[in-house]
Structures are given as structure tokens and as C-alpha cells.
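Structure file structure_13.txt; described as compact mmCIF, C-alpha atoms.
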# COMPACT_ATOMS: atom_id res chain seq x y z
CA MET A 1 3.68 2.15 -28.94
CA ASP A 2 2.70 3.01 -25.36
CA ALA A 3 -0.17 0.52 -25.43
CA ASP A 4 2.35 -2.30 -25.82
CA ARG A 5 4.43 -1.28 -22.80
CA PRO A 6 3.74 -2.71 -19.31
CA LEU A 7 1.86 -0.32 -17.02
CA LEU A 8 2.59 -0.13 -13.30
CA ASP A 9 1.75 2.01 -10.29
CA LEU A 10 4.60 2.61 -7.84
CA ASN A 11 3.24 3.27 -4.37
CA ALA A 12 4.79 4.00 -0.99
CA ASP A 13 3.55 4.15 2.61
CA LEU A 14 4.02 7.74 3.78
CA GLY A 15 2.86 10.22 6.40
CA GLU A 16 3.85 7.76 9.10
CA GLY A 17 4.87 10.28 11.74
CA TYR A 18 3.00 11.28 14.89
CA GLY A 19 3.41 14.51 16.83
CA ASP A 20 7.09 15.35 17.17
CA TRP A 21 8.09 11.90 15.97
CA SER A 22 8.77 11.45 12.25
CA MET A 23 9.59 8.54 9.99
CA GLY A 24 11.01 8.35 6.50
CA GLU A 25 11.74 10.97 3.87
CA ASP A 26 8.31 11.71 2.46
CA ALA A 27 9.29 14.61 0.20
CA ALA A 28 12.02 12.62 -1.49
CA MET A 29 9.77 9.58 -1.90
CA LEU A 30 6.98 11.70 -3.39
CA ASP A 31 9.35 12.79 -6.16
CA VAL A 32 9.60 9.14 -7.25
CA VAL A 33 6.29 7.33 -6.63
CA THR A 34 2.94 7.68 -8.35
CA THR A 35 0.73 6.90 -5.33
CA ALA A 36 1.09 7.81 -1.65
CA ASN A 37 -0.55 5.62 0.98
CA ILE A 38 -1.01 8.14 3.79
CA ALA A 39 -1.39 7.01 7.40
CA CYS A 40 -4.62 8.30 8.91
CA GLY A 41 -4.50 7.75 12.64
CA GLY A 42 -4.43 3.99 13.15
CA HIS A 43 -0.77 2.96 13.16
CA ALA A 44 0.55 6.51 12.65
CA GLY A 45 -0.55 9.93 11.50
CA ASP A 46 -2.14 12.87 13.29
CA PRO A 47 -4.01 15.84 11.78
CA GLY A 48 -0.87 17.88 11.17
CA THR A 49 1.03 14.98 9.64
CA MET A 50 -1.94 14.08 7.47
CA ARG A 51 -2.27 17.67 6.22
CA GLU A 52 1.43 17.95 5.44
CA ALA A 53 1.47 14.63 3.57
CA THR A 54 -1.67 15.35 1.55
CA ARG A 55 -0.42 18.85 0.69
CA ALA A 56 2.92 17.48 -0.50
CA ALA A 57 1.27 14.72 -2.55
CA ALA A 58 -1.20 17.15 -4.13
CA ALA A 59 1.62 19.53 -5.08
CA ARG A 60 3.26 16.71 -7.06
CA SER A 61 0.02 15.31 -8.53
CA VAL A 62 0.65 12.04 -6.70
CA ALA A 63 -2.48 9.95 -6.08
CA ILE A 64 -3.55 9.50 -2.45
CA THR A 65 -4.89 6.39 -0.75
CA ALA A 66 -6.00 6.08 2.88
CA HIS A 67 -3.58 3.78 4.68
CA VAL A 68 -6.00 2.38 7.26
CA ALA A 69 -4.82 0.22 10.14
CA TYR A 70 -5.62 -1.29 13.49
CA PRO A 71 -5.65 1.31 16.31
CA ASP A 72 -2.12 0.38 17.38
CA LEU A 73 0.26 3.34 17.55
CA SER A 74 2.66 1.60 19.93
CA GLY A 75 2.93 -1.46 17.69
CA PHE A 76 2.91 0.50 14.42
CA GLY A 77 -0.08 -1.54 13.30
CA ARG A 78 1.96 -4.69 12.89
CA ARG A 79 0.19 -6.71 15.59
CA PHE A 80 -3.05 -8.57 14.90
CA LEU A 81 -5.99 -7.22 16.90
CA ASP A 82 -9.04 -9.45 17.28
CA ILE A 83 -11.55 -6.63 17.23
CA THR A 84 -15.22 -7.03 16.35
CA PRO A 85 -16.34 -6.53 12.75
CA VAL A 86 -18.63 -3.66 13.81
CA ASP A 87 -15.75 -1.85 15.50
CA LEU A 88 -13.44 -2.46 12.54
CA THR A 89 -15.99 -1.06 10.09
CA ASP A 90 -16.31 2.09 12.18
CA LEU A 91 -12.54 2.45 12.53
CA VAL A 92 -12.04 2.25 8.77
CA ILE A 93 -14.80 4.80 8.14
CA VAL A 94 -13.31 7.25 10.65
CA GLN A 95 -9.77 6.91 9.30
CA VAL A 96 -10.78 7.25 5.66
CA GLY A 97 -13.17 10.09 6.44
CA GLY A 98 -10.52 12.03 8.31
CA LEU A 99 -8.06 11.77 5.45
CA GLN A 100 -10.77 12.67 2.94
CA ALA A 101 -11.48 15.86 4.87
CA MET A 102 -7.80 16.79 5.06
CA ALA A 103 -7.16 16.01 1.39
CA GLY A 104 -10.19 18.08 0.44
CA ALA A 105 -8.85 21.00 2.46
CA GLU A 106 -5.67 20.78 0.38
CA GLY A 107 -7.56 20.67 -2.92
CA SER A 108 -7.05 16.97 -3.50
CA ALA A 109 -8.99 13.76 -2.86
CA VAL A 110 -8.55 10.25 -1.54
CA ARG A 111 -8.68 7.85 -4.48
CA GLY A 112 -8.53 4.48 -2.75
CA VAL A 113 -8.00 2.54 0.47
CA LYS A 114 -5.00 0.40 1.34
CA PRO A 115 -4.91 -1.51 4.65
CA HIS A 116 -1.63 -1.49 6.55
CA GLY A 117 0.48 -4.09 8.29
CA ALA A 118 -1.29 -6.75 10.32
CA LEU A 119 -4.69 -5.68 9.00
CA TYR A 120 -3.48 -6.14 5.41
CA THR A 121 -2.22 -9.60 6.34
CA ALA A 122 -5.44 -10.53 8.15
CA LEU A 123 -7.56 -9.64 5.13
CA ALA A 124 -5.88 -12.45 3.22
CA HIS A 125 -7.61 -15.09 5.35
CA HIS A 126 -9.86 -13.58 8.05
CA GLU A 127 -13.35 -13.55 6.54
CA GLY A 128 -14.95 -11.59 9.38
CA GLN A 129 -12.48 -8.74 9.23
CA ALA A 130 -12.46 -8.79 5.44
CA ALA A 131 -16.23 -8.44 5.41
CA ALA A 132 -15.97 -5.57 7.90
CA VAL A 133 -13.58 -3.63 5.68
CA VAL A 134 -15.79 -4.21 2.64
CA GLN A 135 -18.78 -2.99 4.64
CA ALA A 136 -16.89 0.18 5.49
CA LEU A 137 -16.14 0.77 1.81
CA ARG A 138 -19.79 0.28 0.97
CA GLU A 139 -20.88 2.73 3.65
CA LEU A 140 -18.32 5.23 2.36
CA GLY A 141 -20.18 5.21 -0.94
CA GLY A 142 -18.77 2.18 -2.71
CA GLU A 143 -16.60 4.21 -5.09
CA LEU A 144 -13.20 3.92 -3.41
CA PRO A 145 -11.13 1.01 -4.77
CA LEU A 146 -9.40 -1.36 -2.36
CA VAL A 147 -5.69 -2.20 -2.68
CA ALA A 148 -5.08 -5.84 -1.73
CA ALA A 149 -2.88 -8.86 -2.25
CA PRO A 150 -3.69 -11.31 -5.06
CA GLY A 151 -5.59 -14.29 -3.66
CA ALA A 152 -6.67 -12.54 -0.47
CA VAL A 153 -10.13 -13.41 0.86
CA VAL A 154 -11.07 -9.74 0.79
CA VAL A 155 -10.58 -9.52 -2.98
CA GLU A 156 -13.60 -11.59 -3.95
CA LEU A 157 -15.72 -10.17 -1.13
CA ALA A 158 -15.01 -6.66 -2.37
CA ARG A 159 -15.65 -7.48 -6.00
CA SER A 160 -18.91 -9.22 -5.09
CA ALA A 161 -19.97 -6.01 -3.35
CA GLY A 162 -19.18 -3.95 -6.44
CA ILE A 163 -15.92 -2.54 -5.03
CA ASP A 164 -13.04 -2.22 -7.49
CA VAL A 165 -9.82 -3.93 -6.40
CA VAL A 166 -6.24 -3.04 -7.32
CA LEU A 167 -3.92 -6.02 -6.87
CA GLU A 168 -0.55 -5.26 -5.35
CA GLY A 169 2.91 -6.76 -5.06
CA PHE A 170 5.91 -5.74 -2.95
CA ALA A 171 9.34 -4.85 -4.26
CA ASP A 172 11.10 -4.82 -0.89
CA ARG A 173 9.65 -7.90 0.79
CA ALA A 174 10.50 -11.57 0.34
CA TYR A 175 7.71 -13.97 -0.64
CA LEU A 176 6.92 -17.48 0.52
CA ALA A 177 5.93 -20.26 -1.87
CA ASP A 178 2.22 -19.74 -1.10
CA ALA A 179 2.47 -16.15 -2.43
CA THR A 180 2.27 -14.60 1.04
CA LEU A 181 4.89 -12.26 2.45
CA MET A 182 7.60 -13.76 4.61
CA PRO A 183 6.98 -12.68 8.23
CA ARG A 184 9.14 -9.74 9.28
CA SER A 185 10.42 -11.80 12.20
CA ARG A 186 12.37 -14.04 9.81
CA PRO A 187 15.83 -13.13 8.46
CA GLY A 188 15.70 -11.89 4.88
CA ALA A 189 12.05 -10.85 5.03
CA VAL A 190 12.88 -7.24 4.14
CA LEU A 191 14.93 -6.69 0.98
CA THR A 192 17.37 -3.78 1.19
CA ASP A 193 19.74 -4.35 -1.75
CA PRO A 194 18.80 -1.85 -4.51
CA THR A 195 19.61 -4.28 -7.31
CA ALA A 196 17.48 -7.06 -5.80
CA VAL A 197 14.57 -4.73 -5.04
CA ALA A 198 14.62 -3.24 -8.55
CA ALA A 199 14.80 -6.71 -10.10
CA GLN A 200 11.80 -7.88 -8.08
CA ALA A 201 9.77 -4.83 -9.13
CA LEU A 202 10.67 -5.44 -12.77
CA SER A 203 9.73 -9.11 -12.47
CA ILE A 204 6.30 -8.14 -11.15
CA ALA A 205 5.84 -5.60 -13.93
CA THR A 206 6.94 -7.73 -16.86
CA ALA A 207 6.70 -11.39 -15.81
CA ARG A 208 3.70 -11.02 -13.49
CA GLY A 209 5.41 -12.94 -10.74
CA VAL A 210 8.46 -13.34 -8.49
CA ARG A 211 10.78 -15.99 -7.14
CA ALA A 212 9.93 -16.93 -3.57
CA ALA A 213 12.69 -17.22 -0.99
CA ASP A 214 12.94 -20.98 -1.68
CA GLY A 215 13.19 -20.46 -5.43
CA THR A 216 9.57 -21.34 -6.21
CA TRP A 217 7.94 -19.25 -8.92
CA VAL A 218 4.97 -17.29 -7.57
CA ASP A 219 2.37 -15.78 -9.89
CA LEU A 220 1.65 -12.18 -8.91
CA PRO A 221 -0.79 -10.42 -11.26
CA ALA A 222 -0.27 -6.99 -9.68
CA ARG A 223 -1.12 -3.58 -11.12
CA SER A 224 0.71 -1.76 -8.31
CA VAL A 225 4.03 -2.32 -6.55
CA CYS A 226 4.75 -1.07 -3.04
CA LEU A 227 7.90 0.28 -1.44
CA HIS A 228 7.81 0.77 2.32
CA GLY A 229 8.81 4.25 3.40
CA ASP A 230 10.42 2.86 6.55
CA THR A 231 12.66 0.32 4.80
CA PRO A 232 16.34 1.18 5.32
CA GLY A 233 17.54 3.25 2.36
CA ALA A 234 13.98 3.70 1.07
CA VAL A 235 14.79 6.70 -1.13
CA GLU A 236 17.75 4.97 -2.76
CA LEU A 237 15.59 1.90 -3.33
CA ALA A 238 12.82 3.99 -4.87
CA HIS A 239 15.19 5.63 -7.33
CA ALA A 240 16.70 2.25 -8.23
CA VAL A 241 13.25 0.79 -8.85
CA ARG A 242 12.00 3.70 -10.92
CA GLY A 243 15.18 3.82 -12.98
CA CYS A 244 15.05 0.09 -13.63
CA LEU A 245 11.39 0.13 -14.61
CA GLU A 246 11.67 3.13 -16.91
CA GLY A 247 14.84 1.73 -18.44
CA ALA A 248 12.92 -1.42 -19.31
CA GLY A 249 10.11 0.56 -20.91
CA VAL A 250 7.57 0.19 -18.12
CA ARG A 251 5.06 3.07 -17.95
CA LEU A 252 4.54 4.40 -14.44
CA GLN A 253 1.04 5.63 -13.70
CA ALA A 254 -1.23 5.68 -10.67
CA ALA A 255 -3.68 2.77 -10.63
CA LEU A 256 -6.47 4.80 -9.03

Would you write out, as C-alpha cells, the structure that this file holds?
Amino acid sequence: MDADRPLLDLNADLGEGYGDWSMGEDAAMLDVVTTANIACGGHAGDPGTMREATRAAAARSVAITAHVAYPDLSGFGRRFLDITPVDLTDLVIVQVGGLQAMAGAEGSAVRGVKPHGALYTALAHHEGQAAAVVQALRELGGELPLVAAPGAVVVELARSAGIDVVLEGFADRAYLADATLMPRSRPGAVLTDPTAVAAQALSIATARGVRAADGTWVDLPARSVCLHGDTPGAVELAHAVRGCLEGAGVRLQAAL
């Protein structure tokens, strides 16, 4: 019976172009994933890119989340910015609001918010910035769920504010023993072997955890698993993951 099968959302970071510059193979990824995290002007994304990505996701009935980030186009949002909570709240509201408008113009809707890069990492431990993001979600109406890492400071802050949280794991990133992602600066931080990436996704789906780089078992109670659209061979990895999950009887369905 379907109710006895594991349920998982497969999401990918997409729409990460800007102007004449493009990244990844969004159309191919959208044929595989169940949720698209669309960049909305912080680390990437301009109005045209946002419209194209939301239109393509809507055409495939793929759920859309706002992939909010620090205002850091040159660093692709992967550098920590010590900005004030007030400024961060406003930045999140503007980014989400812009994507909501574009999705609405394409007959779709934003169904959640997923921070990107260094902001995502900061929300695991930075209480001030975590509170700022939660405040933004409250001011946006309080109905958009937040996608976050298990154990992150922002998780309890959001839940205390009445914001739903979707816990997430990563198929293409190595973990440390404390359940955090290995920094990208370290060798082996990004997984590119299709077999290894598929196995990690399956482990999250069925065993609710992964093996860290040092062999330690890490509990990871995730409802959604992410594949980065800019990982080398992302499309091949996505197909390997989906095939592995479906072959093991995992049901793929958007979490939002």
C-alpha cells in the first residue's frame, strides 16, 4: 500500500542565471524534481530569469519555493554577510514578493521559502539572522513554510512563531559528524558520483540518516532532499537519484 512506502520531496536550486549569464540545465532538471527553488535576485535571478523559471515549473506542475539569499551576486550568495536583522527581513520580503508576483503572472504560486548558501548555513546558528528571516515570513502572512536543516536554530524559532518547517537533507553534499555540511572549501565536500549521490538520497529517505565523511552515523529526519543545479553532472545525478528512489519504492511528492 502507498501509505506504507516512504515519502520524499526531491528539490533542486534553479533559475540561477542573471542577464546573459546562465547556469545549469533547468528544463532537464524540472523533468525530474518535484520542487524548484527559484533564485529571486539575491545570489542570482533577474525578472526575465524568474519568469522563465516559474513558467517552466508551472508547466510541469512542479512546486515553487523562493530561494532567498544574501545580496551577493558576485559571490553567488556563498559568503556570510553580517547585515542587520532589519535589513535582512526587508531583503527576504522583497525577494519572496518579487517571485510571488512573477509566479502569479504565470498562473502559479510560491509555496515555501528556502534560504540559499551562506544564509542557509547562518540560520543554523545565528539567532539574530534566524529571527529576522522568521519575522519576514510572519510579515508575509505566516503561511509560507520554511525549508531548513534539521537542528538549525531557525527551526524552533519558526515553529514557535507558527511557521511550518520542512526539514531537508542533501544528496550531493558530504556531512560532518555534527550533522552540518562539510564546507565547500574542503576536498570531497561536493559528491559527484551518481551511485554515491543516489545511495545518500535513498539513505535519507529510508533510514532517516547518512554516514558522515568520517563514518559517523548522522540522524537526518528530512522530508525533502536537495540536488544542486550547479553540481557537475546535475542532470545525470538527478536521474540516478530518482531512478534509485522509485526503484526502492519511495514515493516522490512535493512537501509544500

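By all atoms listed in the file, and with residues fewer than 2 positions from Ala136 of chain A along its chain excluded, the set lying at most 8 Å from it is Thr89, Asp90, Val92, Ile93, Ala132, Val133, Val134, Arg138, Glu139 and Leu140 of chain A.
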
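Atom to atom, atom CA of Leu157 of chain A and atom CA of Ala131 of chain A stand 6.8 Å apart.
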
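With distances taken over all atoms listed in the file, A:Ala118 is the one residue among A:Ala118, A:Met29, A:Leu88, A:Leu81 lying closest to Pro183 of chain A.
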
Original post:
Which is closest to Asn11 of chain A among A:His116, A:His228, A:Arg51, A:Arg111, if we use all atoms listed in the file?
Top reply: A:His228

Subject >> Surrounding residues of Thr216 of chain A excluding itself and chain neighbours under 4 positions, 6 Å, only C-alpha atoms, as a ChimeraX atom specification >> reply: /A:177,211-212

Neighbouring residues of Pro221 of chain A were defined as those with any atom within 12 Å, considering all atoms listed in the file; residues of the same chain fewer than 6 positions away were excluded. Please report them as a tab-separated table (two decimals) with C-alpha atoms, keeping the file's coordinate frame.
chain	number	residue	atom	x	y	z
A	7	LEU	CA	1.86	-0.32	-17.02
A	8	LEU	CA	2.59	-0.13	-13.30
A	148	ALA	CA	-5.08	-5.84	-1.73
A	149	ALA	CA	-2.88	-8.86	-2.25
A	150	PRO	CA	-3.69	-11.31	-5.06
A	151	GLY	CA	-5.59	-14.29	-3.66
A	166	VAL	CA	-6.24	-3.04	-7.32
A	167	LEU	CA	-3.92	-6.02	-6.87
A	168	GLU	CA	-0.55	-5.26	-5.35
A	169	GLY	CA	2.91	-6.76	-5.06
A	170	PHE	CA	5.91	-5.74	-2.95
A	179	ALA	CA	2.47	-16.15	-2.43
A	203	SER	CA	9.73	-9.11	-12.47
A	204	ILE	CA	6.30	-8.14	-11.15
A	205	ALA	CA	5.84	-5.60	-13.93
A	206	THR	CA	6.94	-7.73	-16.86
A	207	ALA	CA	6.70	-11.39	-15.81
A	208	ARG	CA	3.70	-11.02	-13.49
A	209	GLY	CA	5.41	-12.94	-10.74
A	210	VAL	CA	8.46	-13.34	-8.49

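The environment of segment 47-49 of chain A within 10 Å, counting all atoms listed in the file and disregarding residues fewer than 6 places along the same chain, consists of Leu14, Gly15, Glu16, Gly17, Tyr18, Gly19, Asp20, Trp21, Ser22, Ile38, Ala39, Cys40, Gly41, Arg55, Gly98, Leu99 and Met102 of chain A.
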